[in-house]
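Quick notes on the structure that follows.
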There are 2 protein chains.
Amino acid sequence: MIEDKNQQRTQLSDLGEFGLIDHLTKNFKIKQSSTIKGIGDDAAVLNFENKKIVVTTDLLVEGVHFDLSYVPLKHLGYKAVIVNLSDVYAMNAKATQVTVSIAVSNRFPLEALEDLYAGIETAAKIYDIDVVGGDTTSSNTGLLISVTAIGEVEADNEIYRKGAKPNDLLVVTGDLGAAYMGLQVLEREKEVYKVNPNNQPDLEPYTYIVERQLKPEARKDISKLLKDLNVKPTSMIDVSDGLSSEIMHLCKHSGLGCDLYENKIPLDPQVISTCEEFNIDSTTVALNGGEDYELLFTVSQDDFLKIKGNPNLSVIGFMKESTEGIHLVTRADTRIPIKAQGWKNFND
Amino acid sequence: MIEDKNQQRTQLSDLGEFGLIDHLTKNFKIKQSSTIKGIGDDAAVLNFENKKIVVTTDLLVEGVHFDLSYVPLKHLGYKAVIVNLSDVYAMNAKATQVTVSIAVSNRFPLEALEDLYAGIETAAKIYDIDVVGGDTTSSNTGLLISVTAIGEVEADNEIYRKGAKPNDLLVVTGDLGAAYMGLQVLEREKEVYKVNPNNQPDLEPYTYIVERQLKPEARKDISKLLKDLNVKPTSMIDVSDGLSSEIMHLCKHSGLGCDLYENKIPLDPQVISTCEEFNIDSTTVALNGGEDYELLFTVSQDDFLKIKGNPNLSVIGFMKESTEGIHLVTRADTRIPIKAQGWKNFND
């Protein structure tokens, strides 16, 4: 939240459209053998031979999905890629390419876009994907990023939201709720900063949760882990909107119900302590917080011994017939129906 | 430009995110054999077997690329798809799928989005493509549409911007400048309407050029036409930014120069008469107007007899060594260097 008043500002209008794209993407290297032609023609040309491909797309809008007063542009570029890769991994596919389009107002200097693209490039490097296209245009107001991700999957290895069977175990990777609590901390510090701009925020006690919000990672590792464990999930989804919403998707697509055990939901100690500090229920945060980018999947009970005790995986419930409904089984052993939280974006 | 004050308005916030996407895409049918799974999972799943695929993406931003005071939303949805398909056809590929993401402010009722999606659906039907994914989110201001198009191409049939050889003929499909002049007419009528809202515009003399602006078509037919004529272009690009910009791309990528003959540029009579009425030079309009969505390509001189006299194709120049430069040869037989017009979007 410290602004450098002396930063260099190059006007976007100083470069042409093609100059801008060339400038921003000149460091991007092609690494995937499936990329025949990346940026620089009417379209990218890809060759997946006999593999199936998966395609997913997401929009991030300033003021709706991110607040530039505390999100560094480099992190934003990184996150915009990650949220799409997470959807690719949720299909059990290997992410291979992305296209990145941005609409940006004149108030952004070239250096800001360089930061954004540095984040995109870092994500591409770490996740071993090629940036093969995109569009750059002006907007009348803020910044908008549209990413489309492409992945490849061997024949019949893809995993859908449908496919879960009654009695299958419900499993989640990592831990939940951290990104949401990181956002609460950042929002609070923003209010403090507004009152006293000289007050330097101490984010030390919140390192993990703030990083989960600003620089989330996608679970590239899970596909290999499951293969090594010789486990093939029967259904899978990524946790972007909150655990309750994702459970409802799996149940709806698979035509099932589910029991979710509150005491099995994996929470980082920093989430628990920050929830106490903010006086928020940690289960509610895990259920509805979102932006975890973990994977939620179902496996046959026969696979229980293969995944039991794995530090990356938590069994949090099991699937039931649809007539049984979808419930949270609380620590007090009461059963509460899980409901959709709906979509808050369009509310005023 | 006639507003129906009694139109039905359903608030977007009345539907959840998933309700909205389900509602808008419920009529979309899957027709392509390459589409294994369309909308409704973390990602679409596609199977192109041994074919290569092409991927292209474009952003359309309200106030930059379109003005809703004279662009009907249905036409806008149609056009957003078309501009991407044009890029697929410019690779000599067959368009097969699109994803469509929109960011939209609360001022749009559900019925407006239904119109937009009706246009998308119409384009999908006419061009035989599947809508396989997308994202719908709110924006703080206007409307933004991000489309990614995917196409398939048989091995080694793709055509790039590079590949033209000296003495190759430069060929363009259809005619140029109409979409730009249609925009001039619409802008003029908007000003008239502002002064006197009761004045009904008479667009009858401008039917063709207004349609080229509001409801452009992409040249799906050209790939088959060239195959039937047994002609394989050496390079190809679509005309979206204006003929001069596209010629410069072909020259740059192929490492060549070019002579373009002013008297060979195909112009519709309505473009010529409207240019006279507006006192604008029609060659300038063809060179810099843009949004024609025609295809520009080069062929070997050996193919001249195959394309000569075809009503869809005009030979407008020929390629030269790069040292010869890129020139317009005027009707008065003077040679004028063709320069890039740059990108006006980021200028104030």
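Please note that chains go A, B, ... in the order of the structure tokens, that every chain numbers its residues from 1, and that ligands are numbered from 1 in the order shown.
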
Using only C-alpha atoms, which residues sit within 12 Å of region 318-330 of chain B once same-chain residues fewer than 3 positions away are excluded, as a PyMOL selection string? chain B and resi 163-172+234-235+243-265+283-284+287+296-301+304+314-315+333-340

DSSP on the backbone, strand (DSSP E) only: what residues of region 216-336 of chain B does that give? Format it as a PyMOL selection string. chain B and resi 235-239+256-261+294-299+313-321+326-329+335-336

Restrict the calculation to only C-alpha atoms, then for each residue of region 182-259 of chain A with any atom at most 12 Å from an atom of region 116-133 of chain A give the closest atom pair and their distance in Å to one decimal, rows by chain and rising residue number, as a tab-separated table.
residue	atom	partner	partner_atom	distance
A:Leu214	CA	A:Gly119	CA	11.6
A:Lys215	CA	A:Gly119	CA	9.8
A:Pro216	CA	A:Ala123	CA	10.6
A:Glu217	CA	A:Ala123	CA	9.2
A:Ala218	CA	A:Tyr127	CA	8.8
A:Arg219	CA	A:Tyr127	CA	10.0
A:Lys220	CA	A:Tyr127	CA	7.5
A:Asp221	CA	A:Tyr127	CA	10.2

Written file, previous selection with N, CA and C atoms, as an mmCIF file, in the first residue's frame:
data_model
loop_
_atom_site.group_PDB
_atom_site.id
_atom_site.type_symbol
_atom_site.label_atom_id
_atom_site.label_comp_id
_atom_site.auth_asym_id
_atom_site.auth_seq_id
_atom_site.Cartn_x
_atom_site.Cartn_y
_atom_site.Cartn_z
ATOM 1 N N LEU A 214 -3.567 -13.699 -2.018
ATOM 2 C CA LEU A 214 -2.908 -12.910 -3.059
ATOM 3 C C LEU A 214 -2.186 -13.770 -4.081
ATOM 4 N N LYS A 215 -1.661 -14.882 -3.649
ATOM 5 C CA LYS A 215 -0.880 -15.716 -4.572
ATOM 6 C C LYS A 215 -1.263 -17.187 -4.396
ATOM 7 N N PRO A 216 -2.485 -17.517 -4.781
ATOM 8 C CA PRO A 216 -2.925 -18.909 -4.632
ATOM 9 C C PRO A 216 -2.173 -19.813 -5.599
ATOM 10 N N GLU A 217 -2.130 -21.083 -5.271
ATOM 11 C CA GLU A 217 -1.539 -22.072 -6.166
ATOM 12 C C GLU A 217 -2.628 -23.056 -6.590
ATOM 13 N N ALA A 218 -2.456 -23.628 -7.770
ATOM 14 C CA ALA A 218 -3.395 -24.657 -8.236
ATOM 15 C C ALA A 218 -2.763 -26.023 -8.019
ATOM 16 N N ARG A 219 -3.604 -27.057 -7.856
ATOM 17 C CA ARG A 219 -3.097 -28.370 -7.459
ATOM 18 C C ARG A 219 -2.666 -29.207 -8.664
ATOM 19 N N LYS A 220 -1.572 -28.733 -9.283
ATOM 20 C CA LYS A 220 -0.964 -29.468 -10.389
ATOM 21 C C LYS A 220 -0.506 -30.862 -9.955
ATOM 22 N N ASP A 221 -0.164 -30.985 -8.660
ATOM 23 C CA ASP A 221 0.458 -32.210 -8.146
ATOM 24 C C ASP A 221 -0.513 -33.365 -7.932
#

Nearest residue to chain B out of A:Leu73, A:Leu24, A:Leu85, A:Val210, using only C-alpha atoms?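 The closest residue to chain B is A:Leu85.
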
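The environment of Ser105 (chain B) within 12 Å, counting only C-alpha atoms and disregarding residues fewer than 4 places along the same chain, consists of A:Val61, A:Gly63, A:Val64, A:Asn345, A:Phe346, A:Asn347, A:Asp348, B:Gln11, B:Leu12, B:Ser13, B:Glu62, B:Pro109, B:Leu110, B:Ala112, B:Leu113, B:Thr136, B:Thr137, B:Ser138, B:Ser139, B:Asn140, B:Thr141, B:Gly142, B:Leu143, B:Leu144.
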
Just asking: which residues within region 245-325 of chain B are helix (DSSP H, G or I) according to DSSP, as a PyMOL selection string? chain B and resi 245-254+262-264+269-278+282-288+301-307+322-324

One number please: CA of Gly134 (chain B) to CA of Thr57 (chain A), in Å, one decimal.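 Interatomic distance, CA of Gly134 (chain B) to CA of Thr57 (chain A): 5.8 Å.
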
The residue from A:Lys232, A:Lys74, A:Lys224, A:Lys162 with the smallest atom-to-atom distance to chain B, counting only C-alpha atoms, is A:Lys162

So what do you get for CA of Asp241 (chain A) versus CA of Val285 (chain A), distance-wise?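 Separation of CA of Asp241 (chain A) and CA of Val285 (chain A): 11.1 Å.
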
Looking at only C-alpha atoms, which of B:Asn279, B:Asn92, B:Ser33, B:Asn106 is the one that sits closest to chain A? B:Asn106

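What separates CA of Met91 (chain A) from CA of Glu158 (chain A) is a distance of 5.4 Å.
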